[in-house]
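Undergrad: data_13.txt is reproduced below (compact mmCIF, C-alpha atoms and all ligand atoms).
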# COMPACT_ATOMS: atom_id res chain seq x y z
CA MET B 25 -17.24 12.14 -0.04
CA PHE B 26 -15.82 15.50 0.93
CA VAL B 27 -12.53 16.78 -0.46
CA ARG B 28 -11.03 20.04 0.77
CA VAL B 29 -7.97 21.75 -0.62
CA LEU B 30 -6.01 22.79 2.48
CA GLY B 31 -3.16 24.30 0.48
CA ALA B 32 -2.99 24.77 -3.30
CA GLY B 33 0.54 26.23 -3.39
CA ALA B 34 3.80 24.44 -4.16
CA GLY B 35 6.87 24.35 -1.94
CA GLY B 36 7.41 27.81 -0.42
CA GLY B 37 3.74 28.75 -0.78
CA PHE B 38 2.43 31.98 -2.27
CA PRO B 39 3.91 34.46 -1.55
CA GLN B 40 7.20 32.69 -0.81
CA TRP B 41 9.07 34.18 2.16
CA ASN B 42 12.18 35.26 0.24
CA CYS B 43 10.68 36.14 -3.14
CA THR B 44 9.83 39.50 -4.67
CA CYS B 45 8.78 38.24 -8.10
CA ARG B 46 5.79 40.06 -9.55
CA ASN B 47 3.34 37.41 -8.32
CA CYS B 48 4.77 37.20 -4.79
CA GLN B 49 5.05 40.94 -4.33
CA SER B 50 1.51 41.49 -5.61
CA ALA B 51 0.17 38.87 -3.21
CA ARG B 52 2.19 40.34 -0.34
CA ASP B 53 0.83 43.80 -1.13
CA GLY B 54 -2.72 42.45 -1.09
CA LYS B 55 -3.29 43.39 -4.73
CA PRO B 56 -6.71 42.14 -5.95
CA GLY B 57 -6.47 39.07 -8.18
CA PHE B 58 -3.43 37.55 -6.43
CA THR B 59 -4.81 35.17 -3.78
CA PRO B 60 -2.23 33.75 -1.33
CA ARG B 61 -1.93 29.99 -1.10
CA THR B 62 -0.40 27.75 1.55
CA GLN B 63 1.65 24.64 0.78
CA SER B 64 0.39 21.51 -0.87
CA SER B 65 -2.21 19.38 0.94
CA LEU B 66 -5.74 17.99 0.61
CA ALA B 67 -8.11 16.60 3.23
CA VAL B 68 -10.69 13.89 2.47
CA SER B 69 -13.56 12.39 4.42
CA ALA B 70 -16.44 10.02 3.66
CA ASP B 71 -18.63 11.18 6.55
CA GLY B 72 -17.37 14.70 7.30
CA GLN B 73 -16.32 13.54 10.79
CA SER B 74 -13.12 11.54 10.36
CA TRP B 75 -10.52 12.84 7.92
CA ALA B 76 -7.38 11.73 6.12
CA LEU B 77 -4.79 14.29 5.06
CA LEU B 78 -3.18 13.77 1.69
CA ASN B 79 0.25 15.23 2.40
CA ALA B 80 1.17 17.20 5.50
CA SER B 81 2.61 20.59 4.66
CA PRO B 82 4.69 22.86 6.91
CA ASP B 83 1.59 25.13 6.92
CA LEU B 84 -0.60 22.45 8.48
CA ARG B 85 -1.16 24.29 11.75
CA GLN B 86 -2.56 27.29 9.86
CA GLN B 87 -4.56 25.01 7.56
CA ILE B 88 -6.22 23.24 10.50
CA ALA B 89 -7.04 26.59 12.09
CA ALA B 90 -8.73 27.68 8.84
CA THR B 91 -10.79 24.46 8.60
CA PRO B 92 -13.46 23.96 11.33
CA ALA B 93 -14.01 20.33 10.26
CA LEU B 94 -10.44 19.59 11.38
CA HIS B 95 -10.69 21.24 14.79
CA ALA B 96 -10.61 19.35 18.09
CA LYS B 97 -14.19 19.15 19.45
CA PRO B 98 -15.09 19.72 23.14
CA GLU B 99 -17.79 17.00 22.99
CA HIS B 100 -15.04 14.44 22.35
CA GLY B 101 -13.07 15.25 25.50
CA LEU B 102 -9.98 17.21 26.40
CA ARG B 103 -7.74 15.85 23.65
CA ASN B 104 -9.07 14.70 20.27
CA SER B 105 -8.71 15.24 16.53
CA PRO B 106 -10.79 14.41 13.44
CA ILE B 107 -7.48 13.69 11.64
CA LYS B 108 -7.06 9.90 11.66
CA ALA B 109 -4.54 9.35 8.87
CA VAL B 110 -1.87 11.10 6.79
CA VAL B 111 -0.92 9.80 3.35
CA MET B 112 2.35 11.04 1.82
CA THR B 113 2.90 11.12 -1.95
CA ASN B 114 6.66 11.78 -1.80
CA GLY B 115 9.41 12.86 0.57
CA ASP B 116 9.40 16.55 -0.38
CA VAL B 117 9.58 19.05 2.45
CA ASP B 118 6.25 20.61 1.44
CA HIS B 119 4.51 17.21 1.52
CA MET B 120 5.69 15.50 4.66
CA SER B 121 7.59 17.70 7.10
CA GLY B 122 4.34 19.21 8.40
CA VAL B 123 3.41 15.93 10.05
CA ILE B 124 5.41 17.27 13.02
CA ASN B 125 2.50 19.67 13.60
CA LEU B 126 0.54 16.59 14.71
CA ARG B 127 2.73 15.78 17.74
CA GLU B 128 1.28 15.93 21.31
CA ALA B 129 0.46 12.24 21.75
CA GLN B 130 -2.56 12.03 19.42
CA PRO B 131 -3.05 8.73 17.59
CA PHE B 132 -3.22 8.58 13.78
CA THR B 133 -1.64 6.47 11.02
CA ILE B 134 1.03 7.51 8.51
CA TYR B 135 0.70 5.87 5.07
CA ALA B 136 3.50 6.03 2.51
CA THR B 137 5.61 3.82 0.27
CA ARG B 138 8.57 1.96 1.80
CA ARG B 139 10.87 4.57 0.19
CA VAL B 140 9.11 7.50 1.87
CA LEU B 141 8.58 5.70 5.19
CA GLY B 142 12.34 5.18 5.11
CA ILE B 143 12.83 8.96 5.09
CA VAL B 144 10.52 9.34 8.10
CA GLU B 145 12.30 6.50 9.92
CA ASP B 146 15.82 7.74 9.08
CA ASN B 147 15.22 11.26 10.36
CA SER B 148 15.28 11.26 14.13
CA ILE B 149 13.10 14.36 14.51
CA PHE B 150 10.07 12.31 13.42
CA ARG B 151 10.51 10.13 16.52
CA ILE B 152 8.54 12.88 18.26
CA LEU B 153 5.57 10.95 16.80
CA ALA B 154 6.02 7.87 18.99
CA ASP B 155 5.36 4.72 16.99
CA ASN B 156 3.01 3.23 19.60
CA MET B 157 0.82 6.30 18.96
CA VAL B 158 1.51 6.91 15.26
CA PRO B 159 1.97 3.63 13.39
CA HIS B 160 3.46 3.53 9.89
CA GLU B 161 1.63 1.57 7.20
CA GLU B 162 3.38 0.79 3.95
CA LEU B 163 1.39 1.55 0.81
CA PRO B 164 1.81 -1.20 -1.76
CA LEU B 165 1.68 -0.07 -5.40
CA GLY B 166 -1.34 -0.97 -7.50
CA ILE B 167 -3.43 -2.40 -4.66
CA ALA B 168 -6.27 -0.49 -2.98
CA ARG B 169 -6.19 -0.67 0.79
CA PRO B 170 -8.51 0.76 3.45
CA LEU B 171 -7.45 3.87 5.35
CA THR B 172 -7.80 3.53 9.10
CA GLY B 173 -6.43 5.36 12.10
CA ALA B 174 -7.01 5.70 15.84
CA GLY B 175 -9.35 2.70 15.67
CA VAL B 176 -11.56 4.30 13.00
CA ASP B 177 -12.21 2.92 9.52
CA LEU B 178 -12.46 6.01 7.31
CA GLY B 179 -14.59 4.21 4.71
CA LEU B 180 -12.01 5.14 2.07
CA ASP B 181 -9.77 2.93 -0.01
CA CYS B 182 -6.42 4.26 -1.19
CA GLU B 183 -4.52 2.91 -4.18
CA ALA B 184 -0.99 4.21 -4.73
CA PHE B 185 0.78 4.03 -8.08
CA ASP B 186 4.14 5.23 -9.37
CA VAL B 187 4.15 8.33 -11.52
CA PRO B 188 7.09 9.78 -13.47
CA GLY B 189 8.97 11.95 -11.02
CA LYS B 190 12.08 12.51 -9.00
CA ILE B 191 13.53 11.67 -5.61
CA ALA B 192 13.22 14.43 -2.97
CA LEU B 193 15.52 17.38 -3.65
CA TYR B 194 17.58 16.87 -0.47
CA LEU B 195 18.24 13.21 -1.38
CA GLU B 196 19.37 13.78 -4.98
CA ASP B 197 22.52 11.81 -5.77
CA ALA B 198 24.39 13.65 -8.52
CA SER B 199 26.69 10.64 -9.05
CA ALA B 200 23.70 8.50 -10.10
CA GLY B 201 23.26 10.30 -13.44
CA PRO B 202 20.06 11.87 -14.77
CA SER B 203 17.81 9.86 -12.42
CA PHE B 204 19.53 11.34 -9.33
CA GLY B 205 18.92 7.94 -7.74
CA THR B 206 15.14 7.97 -8.19
CA THR B 207 13.45 4.57 -7.87
CA SER B 208 9.95 3.12 -7.63
CA GLY B 209 7.97 4.53 -4.72
CA ASP B 210 9.68 7.93 -4.68
CA THR B 211 6.75 9.75 -6.31
CA ILE B 212 3.26 8.33 -6.29
CA GLY B 213 -0.24 9.32 -7.27
CA LEU B 214 -3.29 8.24 -5.29
CA LYS B 215 -6.72 6.98 -6.24
CA ILE B 216 -9.09 7.50 -3.33
CA THR B 217 -12.38 5.59 -3.46
CA GLU B 218 -15.33 5.96 -1.12
CA ARG B 219 -16.19 2.34 -0.35
CA ALA B 220 -19.93 2.88 0.18
CA THR B 221 -20.57 4.64 -3.13
CA GLY B 222 -17.65 3.63 -5.35
CA LYS B 223 -17.00 7.31 -6.09
CA SER B 224 -13.34 8.12 -6.58
CA PHE B 225 -10.81 10.79 -7.46
CA PHE B 226 -7.15 10.95 -8.35
CA TYR B 227 -4.57 13.09 -6.53
CA ILE B 228 -1.29 13.59 -8.42
CA PRO B 229 0.44 16.70 -7.03
CA GLY B 230 3.89 15.92 -8.44
CA CYS B 231 4.36 14.45 -11.91
CA ALA B 232 7.14 14.87 -14.46
CA GLN B 233 5.31 13.54 -17.49
CA LEU B 234 2.00 12.05 -18.60
CA ASP B 235 3.15 8.72 -20.01
CA ASP B 236 0.85 6.16 -21.62
CA ALA B 237 0.37 4.17 -18.41
CA LEU B 238 -0.71 7.24 -16.47
CA LYS B 239 -2.99 8.44 -19.26
CA ALA B 240 -4.66 5.02 -19.40
CA ARG B 241 -5.10 4.97 -15.63
CA ILE B 242 -6.86 8.33 -15.37
CA THR B 243 -8.86 8.23 -18.61
CA GLY B 244 -12.54 8.80 -17.86
CA ALA B 245 -11.97 9.72 -14.21
CA SER B 246 -14.60 11.94 -12.61
CA HIS B 247 -12.12 14.17 -10.73
CA VAL B 248 -8.34 14.65 -10.98
CA PHE B 249 -6.32 16.98 -8.75
CA PHE B 250 -3.10 17.45 -10.71
CA ASP B 251 0.38 19.00 -10.64
CA GLY B 252 0.02 22.69 -11.54
CA THR B 253 3.54 23.74 -10.54
CA LEU B 254 4.57 25.55 -13.72
CA TYR B 255 2.89 27.11 -16.72
CA ASP B 256 6.06 26.98 -18.86
CA ASP B 257 8.99 24.59 -18.44
CA ASP B 258 11.47 27.47 -18.25
CA GLU B 259 9.42 30.11 -16.41
CA MET B 260 11.67 30.13 -13.34
CA VAL B 261 14.79 30.38 -15.50
CA ARG B 262 13.37 33.26 -17.57
CA ALA B 263 12.27 35.10 -14.43
CA GLY B 264 15.79 34.78 -13.01
CA LEU B 265 14.46 32.90 -9.96
CA MET B 266 16.60 29.79 -10.38
CA PRO B 267 18.34 27.83 -13.12
CA LYS B 268 16.08 24.75 -13.11
CA THR B 269 13.53 23.77 -15.73
CA GLY B 270 10.36 21.76 -15.08
CA PRO B 271 11.92 18.46 -16.27
CA ARG B 272 14.86 19.03 -13.92
CA MET B 273 12.46 19.59 -11.00
CA GLY B 274 10.23 16.62 -11.85
CA HIS B 275 7.22 18.76 -12.73
CA ILE B 276 5.31 18.79 -16.01
CA SER B 277 4.24 22.22 -17.29
CA MET B 278 0.69 23.27 -18.13
CA SER B 279 1.58 24.62 -21.60
CA GLY B 280 3.31 23.01 -24.55
CA ALA B 281 2.66 20.00 -26.78
CA ASN B 282 3.40 17.54 -23.94
CA GLY B 283 2.00 19.76 -21.18
CA SER B 284 -1.01 18.94 -19.04
CA ILE B 285 -3.49 21.19 -20.89
CA ALA B 286 -2.84 19.46 -24.22
CA THR B 287 -2.46 15.96 -22.83
CA PHE B 288 -5.61 15.97 -20.70
CA ARG B 289 -7.72 17.31 -23.55
CA ASP B 290 -8.79 13.90 -24.88
CA LEU B 291 -8.86 11.93 -21.62
CA GLY B 292 -12.56 12.53 -20.90
CA ILE B 293 -12.05 13.68 -17.33
CA GLY B 294 -15.05 15.21 -15.56
CA ARG B 295 -13.31 17.80 -13.43
CA LYS B 296 -9.64 18.82 -13.65
CA ILE B 297 -8.20 20.84 -10.77
CA TYR B 298 -4.67 22.24 -10.56
CA VAL B 299 -2.93 22.03 -7.18
CA HIS B 300 0.74 22.44 -6.10
CA ILE B 301 0.88 25.73 -8.00
CA ASN B 302 4.27 27.42 -7.78
CA ASN B 303 4.45 31.13 -6.99
CA SER B 304 6.14 31.75 -10.37
CA ASN B 305 3.10 30.45 -12.28
CA PRO B 306 1.32 33.23 -14.22
CA VAL B 307 -2.10 31.56 -13.65
CA LEU B 308 -1.89 32.91 -10.08
CA ASP B 309 -2.58 36.35 -11.61
CA GLU B 310 -6.34 36.04 -12.03
CA ALA B 311 -6.30 38.65 -14.83
CA SER B 312 -3.59 36.92 -16.87
CA GLN B 313 -3.90 35.49 -20.36
CA GLU B 314 -2.56 32.19 -18.99
CA ARG B 315 -5.35 32.03 -16.41
CA GLN B 316 -7.91 32.54 -19.20
CA THR B 317 -6.22 29.82 -21.24
CA VAL B 318 -6.38 27.16 -18.51
CA GLU B 319 -9.96 28.01 -17.62
CA ALA B 320 -11.01 27.93 -21.28
CA ALA B 321 -9.45 24.44 -21.42
CA GLY B 322 -11.78 23.36 -18.59
CA TRP B 323 -9.35 23.52 -15.66
CA ASP B 324 -10.05 24.85 -12.19
CA VAL B 325 -7.14 26.63 -10.53
CA GLY B 326 -7.24 25.24 -7.00
CA PHE B 327 -7.28 27.56 -4.00
CA ASP B 328 -7.05 27.16 -0.24
CA GLY B 329 -10.44 26.26 1.22
CA MET B 330 -11.80 24.89 -2.09
CA GLU B 331 -14.43 22.25 -1.35
CA VAL B 332 -15.33 19.50 -3.77
CA ARG B 333 -18.12 17.08 -3.01
CA LEU B 334 -18.28 13.78 -4.84
C1 LIG E 1 9.09 20.24 -5.41
O1 LIG E 1 7.87 20.10 -5.51
O2 LIG E 1 9.82 20.26 -6.43
C2 LIG E 1 9.68 20.32 -4.06
O3 LIG E 1 8.69 20.69 -3.14
C3 LIG E 1 10.84 21.22 -4.01
C4 LIG E 1 11.29 21.44 -2.60
O4 LIG E 1 11.37 20.49 -1.82
O5 LIG E 1 11.55 22.59 -2.25
MN MN E 2 6.61 20.39 -3.89
ZN ZN E 3 7.79 34.48 -6.25
Would you mind writing the file out in structure tokens?
TA:
Amino acid sequence: MFVRVLGAGAGGGFPQWNCTCRNCQSARDGKPGFTPRTQSSLAVSADGQSWALLNASPDLRQQIAATPALHAKPEHGLRNSPIKAVVMTNGDVDHMSGVINLREAQPFTIYATRRVLGIVEDNSIFRILADNMVPHEELPLGIARPLTGAGVDLGLDCEAFDVPGKIALYLEDASAGPSFGTTSGDTIGLKITERATGKSFFYIPGCAQLDDALKARITGASHVFFDGTLYDDDEMVRAGLMPKTGPRMGHISMSGANGSIATFRDLGIGRKIYVHINNSNPVLDEASQERQTVEAAGWDVGFDGMEVRL
């Protein structure tokens, strides 16, 4: 099974268009040790020919251009694409709006929970993906189901499961109290299994907290791609970028007693890879103390074009 990180950045990417924080300005200036990252997406394939996207970021056009495996191929005719399916893990702009890049009457399947399919169906702009060409398949929670699209079985099973998180920012309902109206199916993680070999990995790009159920689920996993949004809960507040903490945004931090570094330590996971890394995160400075800390704890800091073979 082939996994490729198309974009390892969080919403806004790195550098973010309107940001002059130290990280963003260093990346914009081309300073060594600050590698730009596009917005959050992975691609996966069992055979290297037919691919599923895990999230569709607004940068998808650029990500396809940078990834020859995802190019249209002349030997398959005038119009074709190796992309057969798109799985969405929430309704965030960085994770689903980029599906519009896949218009032009090309068949593929969109997979998401009923909650997230509802966002696609309620927003008329997505009708550009005509439903006779781009069917929607609801992902049930806790049940593995085969990924197919354009008449192709990808040879991959996908199991969705709820993770602690938050409803998409633009749907927050302040009158609903601290949950902002979040319900089951708003934020999911995925377990992708290659049917022929039984090899699998977890993809959890947005997660507010590692609770006991989630820890039990991922214990002993060979590979986990995990929410690397923030190093510290309050790093965006301290930097003066915005007033929200990690818990308010629905993202766990790397550091701290309940952070991902500490919590993953005893879970016996083979390979731990941070994705969805926000531009404020000090690990994006390759010379930083924080970068050394996460690497010493056995984490890879994901980057665009990273290939992982299972
Ligand atoms: C997030 O990950 O918190 C969201 O991408 C925020 C956003 O939609 O801008
Ligand atoms: Mn995001
Ligand atoms: Zn920035």
Undergrad: Quick one: everything within 10 Å of Thr221 of chain B, counting only C-alpha atoms, minus sequence neighbours fewer than 2 positions away in the same chain. Send it as a ChimeraX atom specification.
TA: /B:25,70,179,217-219,223-224,334
Undergrad: Give the residue list for ligand MN 2 (chain E) at 6 Å, counting all atoms listed in the file, as a VMD selection string, sorted by chain and then by residue number.
TA: chain B and resid 34 to 35 116 118
Undergrad: Quick one: of B:Glu319, B:Lys190, B:Ala200, B:Val248, who's nearest to Arg272 of chain B, counting all atoms listed in the file?
TA: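 Comparing B:Glu319, B:Lys190, B:Ala200, B:Val248 against Arg272 of chain B, the winner is B:Lys190.
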Undergrad: Show which residues sit within 9 Å of Ile301 of chain B, as a PyMOL selection string. Count only C-alpha atoms, and ignore same-chain residues fewer than 6 positions away.
TA: chain B and resi 32-35+37-38+61+63-64+251-254+307-308+325-326
Undergrad: Next, write the just-selected residues to a file, as a PDB file, keeping the file's coordinate frame, keeping C-alpha atoms as the atom set.
TA:
ATOM      1  CA  ALA B  32      -2.990  24.770  -3.300  1.00  0.00           C
ATOM      2  CA  GLY B  33       0.540  26.230  -3.390  1.00  0.00           C
ATOM      3  CA  ALA B  34       3.800  24.440  -4.160  1.00  0.00           C
ATOM      4  CA  GLY B  35       6.870  24.350  -1.940  1.00  0.00           C
ATOM      5  CA  GLY B  37       3.740  28.750  -0.780  1.00  0.00           C
ATOM      6  CA  PHE B  38       2.430  31.980  -2.270  1.00  0.00           C
ATOM      7  CA  ARG B  61      -1.930  29.990  -1.100  1.00  0.00           C
ATOM      8  CA  GLN B  63       1.650  24.640   0.780  1.00  0.00           C
ATOM      9  CA  SER B  64       0.390  21.510  -0.870  1.00  0.00           C
ATOM     10  CA  ASP B 251       0.380  19.000 -10.640  1.00  0.00           C
ATOM     11  CA  GLY B 252       0.020  22.690 -11.540  1.00  0.00           C
ATOM     12  CA  THR B 253       3.540  23.740 -10.540  1.00  0.00           C
ATOM     13  CA  LEU B 254       4.570  25.550 -13.720  1.00  0.00           C
ATOM     14  CA  VAL B 307      -2.100  31.560 -13.650  1.00  0.00           C
ATOM     15  CA  LEU B 308      -1.890  32.910 -10.080  1.00  0.00           C
ATOM     16  CA  VAL B 325      -7.140  26.630 -10.530  1.00  0.00           C
ATOM     17  CA  GLY B 326      -7.240  25.240  -7.000  1.00  0.00           C
TER      18      GLY B 326
END
Undergrad: Can you tell me which residues come within 12 Å of ligand LIG 1 (chain E) when counting all atoms listed in the file, ideally as a VMD selection string?
TA: chain B and resid 33 to 37 40 63 to 65 79 to 82 113 to 121 189 to 196 211 228 to 232 251 to 254 266 268 to 276 299 to 303
Undergrad: Taking (-13.4, 6.7, -16.6) in the coordinates of the supplied file, I want to know which residues reach to within 10 Å of it, counting only C-alpha atoms; could you give the answer as a list in words?
TA: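 Residues satisfying the cut-off, written out: Ala240, Arg241, Ile242, Thr243, Gly244, Ala245, Ser246, His247, Leu291, Gly292, Ile293 and Gly294 of chain B.
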Undergrad: B:Asp177, B:Glu183, B:Asp258, B:Asp328: which is nearest Ser74 of chain B, counting all atoms listed in the file?
TA: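 Nearest to Ser74 of chain B: B:Asp177.
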Undergrad: Excluding Ile149 of chain B and any residue of its chain fewer than 5 positions from it, enumerate the residues within 12 Å of it, using all atoms listed in the file, and give them as a VMD selection string.
TA: chain B and resid 121 to 125 127 143 to 144 154
Undergrad: What residues of the protein or nucleic acid chains come within 7 Å of ligand ZN 3 (chain E) when you use all atoms listed in the file? Reply as JSON, numbers by chain.
TA: {"B": [39, 40, 43, 44, 45, 46, 47, 48, 303, 304]}
Undergrad: Since fewer atoms than expected are present, regenerate N, CA and C atoms for segment 95-112 of chain B and write them as a PDB file, in the coordinates of the input.
TA:
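out28.pdb, written as the output of this step:
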ATOM      1  N   HIS B  95     -10.976  20.805  13.415  1.00  0.00           N
ATOM      2  CA  HIS B  95     -10.690  21.240  14.790  1.00  0.00           C
ATOM      3  C   HIS B  95     -10.959  20.135  15.810  1.00  0.00           C
ATOM      4  N   ALA B  96     -10.250  20.173  16.930  1.00  0.00           N
ATOM      5  CA  ALA B  96     -10.610  19.350  18.090  1.00  0.00           C
ATOM      6  C   ALA B  96     -11.997  19.805  18.573  1.00  0.00           C
ATOM      7  N   LYS B  97     -12.807  18.834  19.073  1.00  0.00           N
ATOM      8  CA  LYS B  97     -14.190  19.150  19.450  1.00  0.00           C
ATOM      9  C   LYS B  97     -14.394  18.888  20.943  1.00  0.00           C
ATOM     10  N   PRO B  98     -14.924  19.890  21.690  1.00  0.00           N
ATOM     11  CA  PRO B  98     -15.090  19.720  23.140  1.00  0.00           C
ATOM     12  C   PRO B  98     -15.942  18.500  23.505  1.00  0.00           C
ATOM     13  N   GLU B  99     -16.918  18.143  22.665  1.00  0.00           N
ATOM     14  CA  GLU B  99     -17.790  17.000  22.990  1.00  0.00           C
ATOM     15  C   GLU B  99     -17.040  15.671  22.934  1.00  0.00           C
ATOM     16  N   HIS B 100     -15.843  15.676  22.397  1.00  0.00           N
ATOM     17  CA  HIS B 100     -15.040  14.440  22.350  1.00  0.00           C
ATOM     18  C   HIS B 100     -13.939  14.416  23.407  1.00  0.00           C
ATOM     19  N   GLY B 101     -14.018  15.308  24.389  1.00  0.00           N
ATOM     20  CA  GLY B 101     -13.070  15.250  25.500  1.00  0.00           C
ATOM     21  C   GLY B 101     -11.982  16.298  25.379  1.00  0.00           C
ATOM     22  N   LEU B 102     -11.022  16.182  26.304  1.00  0.00           N
ATOM     23  CA  LEU B 102      -9.980  17.210  26.400  1.00  0.00           C
ATOM     24  C   LEU B 102      -9.023  17.181  25.219  1.00  0.00           C
ATOM     25  N   ARG B 103      -8.688  15.987  24.765  1.00  0.00           N
ATOM     26  CA  ARG B 103      -7.740  15.850  23.650  1.00  0.00           C
ATOM     27  C   ARG B 103      -8.380  14.978  22.581  1.00  0.00           C
ATOM     28  N   ASN B 104      -8.513  15.503  21.363  1.00  0.00           N
ATOM     29  CA  ASN B 104      -9.070  14.700  20.270  1.00  0.00           C
ATOM     30  C   ASN B 104      -8.746  15.391  18.948  1.00  0.00           C
ATOM     31  N   SER B 105      -8.897  14.650  17.860  1.00  0.00           N
ATOM     32  CA  SER B 105      -8.710  15.240  16.530  1.00  0.00           C
ATOM     33  C   SER B 105      -9.497  14.443  15.509  1.00  0.00           C
ATOM     34  N   PRO B 106     -10.139  15.129  14.548  1.00  0.00           N
ATOM     35  CA  PRO B 106     -10.790  14.410  13.440  1.00  0.00           C
ATOM     36  C   PRO B 106      -9.779  13.814  12.467  1.00  0.00           C
ATOM     37  N   ILE B 107      -8.496  14.194  12.579  1.00  0.00           N
ATOM     38  CA  ILE B 107      -7.480  13.690  11.640  1.00  0.00           C
ATOM     39  C   ILE B 107      -7.028  12.306  12.085  1.00  0.00           C
ATOM     40  N   LYS B 108      -7.343  11.294  11.286  1.00  0.00           N
ATOM     41  CA  LYS B 108      -7.060   9.900  11.660  1.00  0.00           C
ATOM     42  C   LYS B 108      -5.922   9.296  10.845  1.00  0.00           C
ATOM     43  N   ALA B 109      -5.569   9.933   9.742  1.00  0.00           N
ATOM     44  CA  ALA B 109      -4.540   9.350   8.870  1.00  0.00           C
ATOM     45  C   ALA B 109      -3.877  10.447   8.045  1.00  0.00           C
ATOM     46  N   VAL B 110      -2.609  10.214   7.697  1.00  0.00           N
ATOM     47  CA  VAL B 110      -1.870  11.100   6.790  1.00  0.00           C
ATOM     48  C   VAL B 110      -1.237  10.218   5.715  1.00  0.00           C
ATOM     49  N   VAL B 111      -1.513  10.530   4.467  1.00  0.00           N
ATOM     50  CA  VAL B 111      -0.920   9.800   3.350  1.00  0.00           C
ATOM     51  C   VAL B 111       0.094  10.715   2.674  1.00  0.00           C
ATOM     52  N   MET B 112       1.299  10.218   2.433  1.00  0.00           N
ATOM     53  CA  MET B 112       2.350  11.040   1.820  1.00  0.00           C
ATOM     54  C   MET B 112       2.609  10.568   0.395  1.00  0.00           C
TER      55      MET B 112
END
